[in-house]
file data-v1.pdb (PDB, C-alpha atoms, pLDDT in the B column)
ATOM      1  CA  MET A 706       6.897 -10.936  -7.534  1.00 83.00           C
ATOM      2  CA  ILE A 707       3.689 -12.283  -9.019  1.00 89.00           C
ATOM      3  CA  PRO A 708       1.492 -10.069 -11.175  1.00 91.00           C
ATOM      4  CA  PRO A 709      -2.258  -9.882 -10.467  1.00 93.00           C
ATOM      5  CA  LEU A 710      -3.906 -13.216 -11.166  1.00 94.00           C
ATOM      6  CA  LEU A 711      -7.573 -12.385 -10.942  1.00 95.00           C
ATOM      7  CA  CYS A 712      -9.721  -9.309 -11.363  1.00 95.00           C
ATOM      8  CA  ARG A 713     -13.218  -9.365  -9.884  1.00 95.00           C
ATOM      9  CA  LEU A 714     -15.635  -6.841 -11.279  1.00 95.00           C
ATOM     10  CA  THR A 715     -19.098  -6.477  -9.781  1.00 94.00           C
ATOM     11  CA  LEU A 716     -21.721  -4.202 -11.251  1.00 93.00           C
ATOM     12  CA  GLY A 717     -25.237  -3.864 -10.060  1.00 88.00           C
ATOM     13  CA  SER A 718     -28.297  -1.730  -9.821  1.00 85.00           C
ATOM     14  CA  LYS A 719     -31.308  -2.273  -7.627  1.00 76.00           C
ATOM     15  CA  PRO A 720     -34.023  -3.026 -10.170  1.00 74.00           C
ATOM     16  CA  ARG A 721     -31.794  -5.226 -12.350  1.00 78.00           C
ATOM     17  CA  GLY A 722     -29.789  -7.043  -9.724  1.00 84.00           C
ATOM     18  CA  ARG A 723     -26.042  -7.498  -9.785  1.00 85.00           C
ATOM     19  CA  PHE A 724     -23.573  -9.559 -11.692  1.00 88.00           C
ATOM     20  CA  SER A 725     -19.962 -10.431 -11.058  1.00 91.00           C
ATOM     21  CA  LEU A 726     -17.297 -10.884 -13.668  1.00 93.00           C
ATOM     22  CA  TRP A 727     -14.180 -12.846 -12.808  1.00 94.00           C
ATOM     23  CA  LEU A 728     -11.393 -11.979 -15.212  1.00 94.00           C
ATOM     24  CA  PRO A 729      -8.678 -14.646 -15.152  1.00 94.00           C
ATOM     25  CA  LEU A 730      -5.618 -12.474 -15.653  1.00 93.00           C
ATOM     26  CA  PHE A 731      -3.375 -15.473 -15.045  1.00 93.00           C
ATOM     27  CA  LEU A 732      -4.341 -16.697 -18.528  1.00 94.00           C
ATOM     28  CA  LEU A 733      -3.151 -13.451 -20.030  1.00 91.00           C
ATOM     29  CA  TRP A 734       0.352 -13.347 -18.583  1.00 91.00           C
ATOM     30  CA  PRO A 735       1.852 -16.376 -20.385  1.00 91.00           C
ATOM     31  CA  LEU A 736       0.621 -14.912 -23.682  1.00 92.00           C
ATOM     32  CA  VAL A 737       2.038 -11.464 -22.897  1.00 91.00           C
ATOM     33  CA  PHE A 738       5.259 -13.074 -21.724  1.00 89.00           C
ATOM     34  CA  LEU A 739       5.648 -14.990 -24.998  1.00 92.00           C
ATOM     35  CA  LEU A 740       4.938 -11.880 -27.062  1.00 92.00           C
ATOM     36  CA  VAL A 741       7.143  -9.564 -25.032  1.00 89.00           C
ATOM     37  CA  LEU A 742      10.059 -11.932 -24.387  1.00 89.00           C
ATOM     38  CA  PRO A 743      11.796 -11.561 -27.795  1.00 91.00           C
ATOM     39  CA  VAL A 744      11.481  -7.762 -27.672  1.00 90.00           C
ATOM     40  CA  LEU A 745      12.659  -7.740 -24.064  1.00 87.00           C
ATOM     41  CA  LEU A 746      15.712  -9.851 -24.881  1.00 89.00           C
ATOM     42  CA  VAL A 747      16.720  -7.513 -27.706  1.00 90.00           C
ATOM     43  CA  LEU A 748      16.196  -4.464 -25.489  1.00 87.00           C
ATOM     44  CA  MET A 749      18.241  -6.031 -22.699  1.00 85.00           C
ATOM     45  CA  LEU A 750      21.115  -6.573 -25.114  1.00 88.00           C
ATOM     46  CA  VAL A 751      20.960  -3.147 -26.735  1.00 87.00           C
ATOM     47  CA  LEU A 752      19.888  -0.718 -24.017  1.00 83.00           C
ATOM     48  CA  PRO A 753      22.795  -1.216 -21.563  1.00 81.00           C
ATOM     49  CA  TRP A 754      25.113   0.288 -24.180  1.00 84.00           C
ATOM     50  CA  PHE A 755      23.395   3.642 -23.852  1.00 81.00           C
ATOM     51  CA  GLN A 756      23.404   5.897 -20.822  1.00 77.00           C
ATOM     52  CA  GLU A 757      19.643   6.430 -20.891  1.00 78.00           C
ATOM     53  CA  GLY A 758      19.038   2.802 -21.866  1.00 82.00           C
ATOM     54  CA  ARG A 759      19.971   1.585 -18.385  1.00 82.00           C
ATOM     55  CA  LEU A 760      17.490   4.043 -16.941  1.00 82.00           C
ATOM     56  CA  TRP A 761      14.783   2.693 -19.235  1.00 84.00           C
ATOM     57  CA  LEU A 762      15.557  -0.872 -18.159  1.00 85.00           C
ATOM     58  CA  ARG A 763      15.335   0.127 -14.498  1.00 86.00           C
ATOM     59  CA  ALA A 764      12.107   1.977 -15.208  1.00 87.00           C
ATOM     60  CA  GLY A 765      10.694  -1.168 -16.854  1.00 88.00           C
ATOM     61  CA  ALA A 766      11.585  -3.232 -13.797  1.00 89.00           C
ATOM     62  CA  CYS A 767       9.973  -0.619 -11.533  1.00 89.00           C
ATOM     63  CA  LEU A 768       6.809  -0.619 -13.645  1.00 90.00           C
ATOM     64  CA  TYR A 769       6.621  -4.408 -13.370  1.00 91.00           C
ATOM     65  CA  GLN A 770       7.011  -4.069  -9.607  1.00 91.00           C
ATOM     66  CA  ALA A 771       4.229  -1.479  -9.534  1.00 91.00           C
ATOM     67  CA  LEU A 772       2.009  -3.856 -11.504  1.00 92.00           C
ATOM     68  CA  CYS A 773       2.727  -6.689  -9.066  1.00 93.00           C
ATOM     69  CA  SER A 774       2.013  -4.470  -6.089  1.00 93.00           C
ATOM     70  CA  CYS A 775      -1.535  -3.886  -7.339  1.00 93.00           C
ATOM     71  CA  ARG A 776      -2.540  -7.260  -5.890  1.00 94.00           C
ATOM     72  CA  GLY A 777      -4.946  -6.656  -3.056  1.00 93.00           C
ATOM     73  CA  LEU A 778      -6.305  -3.404  -4.470  1.00 95.00           C
ATOM     74  CA  SER A 779     -10.020  -3.101  -3.981  1.00 96.00           C
ATOM     75  CA  VAL A 780     -12.494  -0.319  -4.702  1.00 96.00           C
ATOM     76  CA  ASP A 781     -16.184  -0.535  -3.730  1.00 95.00           C
ATOM     77  CA  VAL A 782     -18.630   2.227  -4.458  1.00 94.00           C
ATOM     78  CA  GLN A 783     -22.199   1.707  -3.376  1.00 91.00           C
ATOM     79  CA  GLY A 784     -24.792   4.314  -4.183  1.00 87.00           C
ATOM     80  CA  ARG A 785     -28.509   4.411  -3.548  1.00 84.00           C
ATOM     81  CA  GLN A 786     -29.205   2.467  -6.721  1.00 85.00           C
ATOM     82  CA  ASP A 787     -25.908   1.301  -8.154  1.00 89.00           C
ATOM     83  CA  LEU A 788     -22.943  -0.717  -7.031  1.00 91.00           C
ATOM     84  CA  VAL A 789     -19.482  -0.887  -8.591  1.00 94.00           C
ATOM     85  CA  SER A 790     -16.776  -3.060  -7.135  1.00 95.00           C
ATOM     86  CA  ILE A 791     -13.321  -3.839  -8.499  1.00 96.00           C
ATOM     87  CA  ALA A 792     -10.931  -6.158  -6.716  1.00 95.00           C
ATOM     88  CA  ILE A 793      -7.536  -7.238  -7.975  1.00 94.00           C
ATOM     89  CA  ASP A 794      -6.068 -10.390  -6.436  1.00 91.00           C
TER      90      ASP A 794
ATOM     91  CA  MET B 136      12.086 -15.302  32.178  1.00 67.00           C
ATOM     92  CA  SER B 137      12.660 -12.396  29.821  1.00 73.00           C
ATOM     93  CA  GLU B 138      15.169  -9.593  30.377  1.00 75.00           C
ATOM     94  CA  GLU B 139      12.351  -7.091  30.825  1.00 79.00           C
ATOM     95  CA  SER B 140      10.722  -9.173  33.578  1.00 82.00           C
ATOM     96  CA  LYS B 141      14.088  -9.546  35.352  1.00 82.00           C
ATOM     97  CA  LYS B 142      14.628  -5.785  35.273  1.00 82.00           C
ATOM     98  CA  ILE B 143      11.159  -5.163  36.728  1.00 82.00           C
ATOM     99  CA  LEU B 144      11.827  -7.632  39.579  1.00 85.00           C
ATOM    100  CA  GLU B 145      15.231  -6.054  40.218  1.00 85.00           C
ATOM    101  CA  MET B 146      13.610  -2.613  40.412  1.00 83.00           C
ATOM    102  CA  LEU B 147      11.030  -4.037  42.840  1.00 84.00           C
ATOM    103  CA  ALA B 148      13.769  -5.639  44.957  1.00 86.00           C
ATOM    104  CA  ALA B 149      15.667  -2.335  45.011  1.00 85.00           C
ATOM    105  CA  GLY B 150      12.511  -0.558  46.148  1.00 85.00           C
ATOM    106  CA  LYS B 151      12.412   1.693  43.098  1.00 82.00           C
ATOM    107  CA  ILE B 152       8.829   0.674  42.243  1.00 82.00           C
ATOM    108  CA  SER B 153       5.883  -0.528  44.305  1.00 82.00           C
ATOM    109  CA  VAL B 154       4.342  -4.030  44.140  1.00 84.00           C
ATOM    110  CA  ALA B 155       1.335  -2.640  42.268  1.00 81.00           C
ATOM    111  CA  ASP B 156       3.551  -0.952  39.679  1.00 83.00           C
ATOM    112  CA  ALA B 157       5.583  -4.130  39.234  1.00 82.00           C
ATOM    113  CA  GLU B 158       2.401  -6.122  38.686  1.00 83.00           C
ATOM    114  CA  LYS B 159       1.214  -3.655  36.051  1.00 82.00           C
ATOM    115  CA  LEU B 160       4.555  -3.721  34.260  1.00 84.00           C
ATOM    116  CA  LEU B 161       4.753  -7.535  34.356  1.00 83.00           C
ATOM    117  CA  ASN B 162       1.245  -7.787  32.930  1.00 81.00           C
ATOM    118  CA  ALA B 163       2.214  -5.384  30.146  1.00 80.00           C
ATOM    119  CA  VAL B 164       5.286  -7.479  29.330  1.00 80.00           C
ATOM    120  CA  GLN B 165       3.201 -10.666  29.292  1.00 79.00           C
ATOM    121  CA  GLU B 166       0.640  -9.067  26.981  1.00 73.00           C
ATOM    122  CA  LYS B 167       3.413  -7.937  24.650  1.00 70.00           C
ATOM    123  CA  GLN B 168       4.862 -11.455  24.530  1.00 70.00           C
ATOM    124  CA  ALA B 169       1.452 -13.067  23.993  1.00 66.00           C
ATOM    125  CA  ARG B 170       0.623 -10.754  21.083  1.00 57.00           C
ATOM    126  CA  PRO B 171       0.956 -12.489  17.702  1.00 53.00           C
ATOM    127  CA  ARG B 172       4.001 -11.376  15.742  1.00 48.00           C
ATOM    128  CA  GLY B 173       2.016 -10.284  12.701  1.00 46.00           C
ATOM    129  CA  SER B 174      -0.103  -7.745  14.538  1.00 47.00           C
ATOM    130  CA  ALA B 175       2.947  -5.770  15.626  1.00 54.00           C
ATOM    131  CA  GLY B 176       4.383  -5.800  12.098  1.00 73.00           C
ATOM    132  CA  LYS B 177       4.076  -3.278   9.349  1.00 83.00           C
ATOM    133  CA  PRO B 178       0.652  -2.529   7.916  1.00 89.00           C
ATOM    134  CA  LYS B 179      -0.131  -3.917   4.477  1.00 91.00           C
ATOM    135  CA  TYR B 180      -3.077  -1.858   3.328  1.00 93.00           C
ATOM    136  CA  LEU B 181      -4.300   1.716   3.475  1.00 93.00           C
ATOM    137  CA  ILE B 182      -8.046   1.670   3.978  1.00 94.00           C
ATOM    138  CA  VAL B 183     -10.306   4.581   3.062  1.00 95.00           C
ATOM    139  CA  ASN B 184     -13.956   4.346   4.128  1.00 95.00           C
ATOM    140  CA  VAL B 185     -16.532   6.955   3.279  1.00 94.00           C
ATOM    141  CA  ASP B 186     -19.901   6.516   4.956  1.00 92.00           C
ATOM    142  CA  PRO B 187     -22.792   8.830   4.191  1.00 89.00           C
ATOM    143  CA  ALA B 188     -24.393  10.562   7.145  1.00 84.00           C
ATOM    144  CA  GLN B 189     -27.819  10.088   5.648  1.00 81.00           C
ATOM    145  CA  ALA B 190     -29.279   6.919   4.167  1.00 77.00           C
ATOM    146  CA  GLY B 191     -29.021   6.746   0.399  1.00 76.00           C
ATOM    147  CA  GLY B 192     -25.660   8.462   0.013  1.00 82.00           C
ATOM    148  CA  ASP B 193     -22.674   6.902  -1.676  1.00 87.00           C
ATOM    149  CA  LYS B 194     -20.679   4.464   0.419  1.00 92.00           C
ATOM    150  CA  VAL B 195     -17.052   4.032  -0.641  1.00 94.00           C
ATOM    151  CA  ASN B 196     -14.538   1.460   0.552  1.00 95.00           C
ATOM    152  CA  ILE B 197     -11.028   1.540  -0.917  1.00 96.00           C
ATOM    153  CA  ARG B 198      -8.186  -0.777   0.028  1.00 96.00           C
ATOM    154  CA  ILE B 199      -4.782   0.205  -1.344  1.00 95.00           C
ATOM    155  CA  PRO B 200      -1.775  -2.081  -0.874  1.00 94.00           C
ATOM    156  CA  LEU B 201       1.095  -0.096   0.648  1.00 92.00           C
ATOM    157  CA  GLN B 202       3.413  -2.001  -1.640  1.00 91.00           C
ATOM    158  CA  ILE B 203       2.279   0.453  -4.334  1.00 91.00           C
ATOM    159  CA  LEU B 204       3.898   3.228  -2.296  1.00 89.00           C
ATOM    160  CA  ARG B 205       7.216   1.376  -2.265  1.00 88.00           C
ATOM    161  CA  ALA B 206       6.992   0.729  -6.010  1.00 89.00           C
ATOM    162  CA  GLY B 207       6.110   4.382  -6.574  1.00 87.00           C
ATOM    163  CA  VAL B 208       9.199   5.568  -4.699  1.00 86.00           C
ATOM    164  CA  LYS B 209      11.399   3.275  -6.795  1.00 86.00           C
ATOM    165  CA  LEU B 210       9.709   4.538  -9.939  1.00 86.00           C
ATOM    166  CA  ALA B 211      10.317   8.120  -8.836  1.00 84.00           C
ATOM    167  CA  SER B 212      14.025   7.360  -8.465  1.00 82.00           C
ATOM    168  CA  VAL B 213      14.312   6.426 -12.158  1.00 83.00           C
ATOM    169  CA  MET B 214      12.167   9.278 -13.355  1.00 83.00           C
ATOM    170  CA  PRO B 215      13.910  11.658 -15.794  1.00 81.00           C
ATOM    171  CA  ALA B 216      15.068  14.901 -14.179  1.00 83.00           C
ATOM    172  CA  LEU B 217      12.798  17.052 -16.359  1.00 86.00           C
ATOM    173  CA  ALA B 218       9.685  15.076 -15.437  1.00 86.00           C
ATOM    174  CA  LYS B 219      10.671  15.160 -11.775  1.00 85.00           C
ATOM    175  CA  THR B 220      11.102  18.941 -11.887  1.00 88.00           C
ATOM    176  CA  LYS B 221       7.670  19.366 -13.473  1.00 90.00           C
ATOM    177  CA  LEU B 222       6.108  17.089 -10.866  1.00 88.00           C
ATOM    178  CA  ASN B 223       7.782  18.979  -8.033  1.00 88.00           C
ATOM    179  CA  GLU B 224       6.508  22.253  -9.460  1.00 90.00           C
ATOM    180  CA  ALA B 225       2.980  20.852  -9.690  1.00 91.00           C
ATOM    181  CA  ILE B 226       3.199  19.651  -6.067  1.00 89.00           C
ATOM    182  CA  HIS B 227       4.435  23.083  -4.905  1.00 90.00           C
ATOM    183  CA  GLU B 228       1.616  24.764  -6.830  1.00 91.00           C
ATOM    184  CA  LYS B 229      -0.837  22.749  -4.760  1.00 88.00           C
ATOM    185  CA  GLY B 230       0.727  24.260  -1.677  1.00 87.00           C
ATOM    186  CA  LEU B 231       2.558  21.156  -0.485  1.00 85.00           C
ATOM    187  CA  ASP B 232       6.099  21.529   0.765  1.00 82.00           C
ATOM    188  CA  PHE B 233       7.251  18.253  -0.685  1.00 79.00           C
ATOM    189  CA  ASP B 234      10.204  17.303  -2.848  1.00 82.00           C
ATOM    190  CA  LEU B 235      10.394  14.000  -4.745  1.00 80.00           C
ATOM    191  CA  ASP B 236      14.216  14.122  -4.694  1.00 79.00           C
ATOM    192  CA  LYS B 237      14.227  13.969  -0.909  1.00 80.00           C
ATOM    193  CA  ILE B 238      12.274  10.718  -0.618  1.00 80.00           C
ATOM    194  CA  ARG B 239      14.461   7.771   0.287  1.00 78.00           C
ATOM    195  CA  PRO B 240      13.307   4.109   0.506  1.00 74.00           C
ATOM    196  CA  GLU B 241      14.271   3.921   4.200  1.00 76.00           C
ATOM    197  CA  ASP B 242      12.086   6.962   4.915  1.00 81.00           C
ATOM    198  CA  ILE B 243       9.179   5.211   3.257  1.00 85.00           C
ATOM    199  CA  GLU B 244       9.681   2.145   5.473  1.00 84.00           C
ATOM    200  CA  ASN B 245       9.608   4.367   8.566  1.00 83.00           C
ATOM    201  CA  LEU B 246       6.558   6.169   7.238  1.00 84.00           C
ATOM    202  CA  ILE B 247       4.703   2.903   6.584  1.00 86.00           C
ATOM    203  CA  GLU B 248       5.590   1.638  10.061  1.00 84.00           C
ATOM    204  CA  ALA B 249       4.292   4.853  11.606  1.00 84.00           C
ATOM    205  CA  MET B 250       1.136   4.717   9.508  1.00 84.00           C
ATOM    206  CA  GLY B 251       0.178   1.500  11.320  1.00 83.00           C
ATOM    207  CA  GLU B 252      -0.897   3.563  14.295  1.00 81.00           C
ATOM    208  CA  MET B 253      -2.485   6.333  12.274  1.00 85.00           C
ATOM    209  CA  THR B 254      -6.215   6.858  12.010  1.00 88.00           C
ATOM    210  CA  VAL B 255      -7.815   9.879  10.407  1.00 91.00           C
ATOM    211  CA  ASP B 256     -11.505  10.519  11.040  1.00 91.00           C
ATOM    212  CA  VAL B 257     -13.301  13.361   9.329  1.00 91.00           C
ATOM    213  CA  ASN B 258     -16.940  13.929  10.242  1.00 89.00           C
ATOM    214  CA  ASP B 259     -19.179  16.474   8.640  1.00 86.00           C
ATOM    215  CA  HIS B 260     -22.905  16.790   8.068  1.00 85.00           C
ATOM    216  CA  GLU B 261     -22.731  14.888   4.760  1.00 84.00           C
ATOM    217  CA  GLN B 262     -20.347  12.022   5.380  1.00 88.00           C
ATOM    218  CA  THR B 263     -17.787  10.361   7.604  1.00 91.00           C
ATOM    219  CA  VAL B 264     -14.357   9.673   6.159  1.00 93.00           C
ATOM    220  CA  ARG B 265     -12.072   7.233   7.942  1.00 93.00           C
ATOM    221  CA  ILE B 266      -8.516   6.535   6.822  1.00 93.00           C
ATOM    222  CA  HIS B 267      -6.455   3.898   8.564  1.00 92.00           C
ATOM    223  CA  CYS B 268      -3.977   1.108   7.904  1.00 90.00           C
ATOM    224  CA  GLU B 269      -4.199  -2.586   8.619  1.00 87.00           C
TER     225      GLU B 269
END
call {"tool": "encode", "arguments": {"input": "data-v1.pdb", "output": "structure tokens"}}
result
Amino acid sequence: MIPPLLCRLTLGSKPRGRFSLWLPLFLLWPLVFLLVLPVLLVLMLVLPWFQEGRLWLRAGACLYQALCSCRGLSVDVQGRQDLVSIAID
Amino acid sequence: MSEESKKILEMLAAGKISVADAEKLLNAVQEKQARPRGSAGKPKYLIVNVDPAQAGGDKVNIRIPLQILRAGVKLASVMPALAKTKLNEAIHEKGLDFDLDKIRPEDIENLIEAMGEMTVDVNDHEQTVRIHCE
């Protein structure tokens, strides 16, 4: 289960040309992990004591899985003049 | 020699099939064995292509990982009952006879496997829409 590592964004229009933006998401995850880890640890200790807490924990795990499953998603829209392309790897 | 090939030869020996039929069946078995394992597996992506009928229209290519479907089913299973009821009502309002409670992970696996052989082509005077899995 690896979250998306790279997001490729391409925008373009015919008179101006096109440019691609490579967003290195893999740089973001360690930072998010460090910020979220303390909160996550507290939640994991507290939430199981409540009936709905377990559901929230499971929902969190499912959301993480949904995020990871976004790898490979790609959307390309090419019009007469403009081009928009988003690819998540 | 595989079990399938043996059975075909036994049927030929018993006179149940002709030589020509046996040859066809053996060729089919050989083709099946020669096929790479991955190609017979489950599809990984749902592909949606929209091509304009006339030049200058919008061309759309979307590739959706089917893993999202699996994650969505798991997410639906932890959804609060109230939210699920509202979603079901919204789905029924759209005229779809579909209930989120009835979706099971094993059904999704069967659905994804079946989608591997599915292709939807919609042609009209403005555009061609093609939906398939790969």
call {"tool": "closest_residue", "arguments": {"input": "data-v1.pdb", "among": "A:Asp787, A:Ile793, A:Val782, A:Leu745", "to": "chain B", "atoms": "only C-alpha atoms"}}
result
A:Val782
call {"tool": "closest_residue", "arguments": {"input": "data-v1.pdb", "among": "A:Ile791, A:Cys775, A:Leu730, A:Val747", "to": "Leu201 of chain B", "atoms": "all atoms listed in the file"}}
result
A:Cys775
call {"tool": "closest_residue", "arguments": {"input": "data-v1.pdb", "among": "B:Ala218, B:Leu231, B:Val195, B:Val183", "to": "Thr254 of chain B", "atoms": "all atoms listed in the file"}}
result
B:Val183
call {"tool": "atom_distance", "arguments": {"input": "data-v1.pdb", "atom1": "atom CA of Ile182 of chain B", "atom2": "atom CA of Glu166 of chain B"}}
result
26.8 Å
call {"tool": "interface_residues", "arguments": {"input": "data-v1.pdb", "of": "chain B", "to": "chain A", "cutoff": "7 Å", "atoms": "only C-alpha atoms", "output": "mmCIF file with C-alpha atoms, in the frame of the given file"}}
result
data_model
loop_
_atom_site.group_PDB
_atom_site.id
_atom_site.type_symbol
_atom_site.label_atom_id
_atom_site.label_comp_id
_atom_site.auth_asym_id
_atom_site.auth_seq_id
_atom_site.Cartn_x
_atom_site.Cartn_y
_atom_site.Cartn_z
ATOM 1 C CA GLY B 191 -29.021 6.746 0.399
ATOM 2 C CA GLY B 192 -25.660 8.462 0.013
ATOM 3 C CA ASP B 193 -22.674 6.902 -1.676
ATOM 4 C CA LYS B 194 -20.679 4.464 0.419
ATOM 5 C CA VAL B 195 -17.052 4.032 -0.641
ATOM 6 C CA ASN B 196 -14.538 1.460 0.552
ATOM 7 C CA ILE B 197 -11.028 1.540 -0.917
ATOM 8 C CA ARG B 198 -8.186 -0.777 0.028
ATOM 9 C CA ILE B 199 -4.782 0.205 -1.344
ATOM 10 C CA PRO B 200 -1.775 -2.081 -0.874
ATOM 11 C CA GLN B 202 3.413 -2.001 -1.640
ATOM 12 C CA ILE B 203 2.279 0.453 -4.334
ATOM 13 C CA ALA B 206 6.992 0.729 -6.010
ATOM 14 C CA GLY B 207 6.110 4.382 -6.574
ATOM 15 C CA LYS B 209 11.399 3.275 -6.795
ATOM 16 C CA LEU B 210 9.709 4.538 -9.939
ATOM 17 C CA VAL B 213 14.312 6.426 -12.158
#
call {"tool": "build_atoms", "arguments": {"input": "data-v1.pdb", "residues": "segment 200-217 of chain B", "atoms": "N, CA, C and O atoms", "output": "short mmCIF file (atom, residue, chain, number, x, y, z; two decimals), keeping the file's coordinate frame"}}
result
data_model
loop_
_atom_site.label_atom_id
_atom_site.label_comp_id
_atom_site.auth_asym_id
_atom_site.auth_seq_id
_atom_site.Cartn_x
_atom_site.Cartn_y
_atom_site.Cartn_z
N PRO B 200 -2.97 -1.44 -1.44
CA PRO B 200 -1.78 -2.08 -0.87
C PRO B 200 -0.64 -1.08 -0.73
O PRO B 200 -0.36 -0.31 -1.66
N LEU B 201 0.00 -1.06 0.42
CA LEU B 201 1.10 -0.10 0.65
C LEU B 201 2.33 -0.43 -0.17
O LEU B 201 3.25 0.38 -0.29
N GLN B 202 2.32 -1.61 -0.75
CA GLN B 202 3.41 -2.00 -1.64
C GLN B 202 3.48 -1.06 -2.84
O GLN B 202 4.56 -0.83 -3.39
N ILE B 203 2.33 -0.51 -3.21
CA ILE B 203 2.28 0.45 -4.33
C ILE B 203 3.13 1.68 -4.00
O ILE B 203 3.80 2.25 -4.88
N LEU B 204 3.11 2.07 -2.74
CA LEU B 204 3.90 3.23 -2.30
C LEU B 204 5.39 2.96 -2.49
O LEU B 204 6.13 3.82 -2.99
N ARG B 205 5.80 1.75 -2.10
CA ARG B 205 7.22 1.38 -2.26
C ARG B 205 7.60 1.37 -3.75
O ARG B 205 8.65 1.87 -4.14
N ALA B 206 6.72 0.79 -4.57
CA ALA B 206 6.99 0.73 -6.01
C ALA B 206 7.03 2.14 -6.60
O ALA B 206 7.86 2.43 -7.46
N GLY B 207 6.16 3.01 -6.10
CA GLY B 207 6.11 4.38 -6.57
C GLY B 207 7.40 5.14 -6.26
O GLY B 207 7.88 5.91 -7.09
N VAL B 208 7.94 4.90 -5.08
CA VAL B 208 9.20 5.57 -4.70
C VAL B 208 10.34 5.11 -5.60
O VAL B 208 11.17 5.90 -6.05
N LYS B 209 10.35 3.79 -5.90
CA LYS B 209 11.40 3.28 -6.80
C LYS B 209 11.24 3.85 -8.20
O LYS B 209 12.22 4.16 -8.87
N LEU B 210 9.99 3.98 -8.61
CA LEU B 210 9.71 4.54 -9.94
C LEU B 210 10.14 6.01 -9.99
O LEU B 210 10.68 6.47 -11.00
N ALA B 211 9.92 6.71 -8.90
CA ALA B 211 10.32 8.12 -8.84
C ALA B 211 11.83 8.28 -8.94
O ALA B 211 12.32 9.27 -9.47
N SER B 212 12.56 7.27 -8.43
CA SER B 212 14.02 7.36 -8.46
C SER B 212 14.60 7.21 -9.88
O SER B 212 15.71 7.65 -10.14
N VAL B 213 13.83 6.57 -10.78
CA VAL B 213 14.31 6.43 -12.16
C VAL B 213 13.65 7.42 -13.12
O VAL B 213 13.84 7.36 -14.32
N MET B 214 12.87 8.30 -12.53
CA MET B 214 12.17 9.28 -13.36
C MET B 214 13.16 10.29 -13.95
O MET B 214 14.07 10.73 -13.24
N PRO B 215 13.02 10.66 -15.23
CA PRO B 215 13.91 11.66 -15.79
C PRO B 215 13.83 12.98 -15.03
O PRO B 215 12.77 13.33 -14.51
N ALA B 216 14.96 13.68 -14.99
CA ALA B 216 15.07 14.90 -14.18
C ALA B 216 14.02 15.94 -14.57
O ALA B 216 13.45 16.62 -13.71
N LEU B 217 13.76 16.05 -15.88
CA LEU B 217 12.80 17.05 -16.36
C LEU B 217 11.39 16.76 -15.84
O LEU B 217 10.69 17.65 -15.35
#
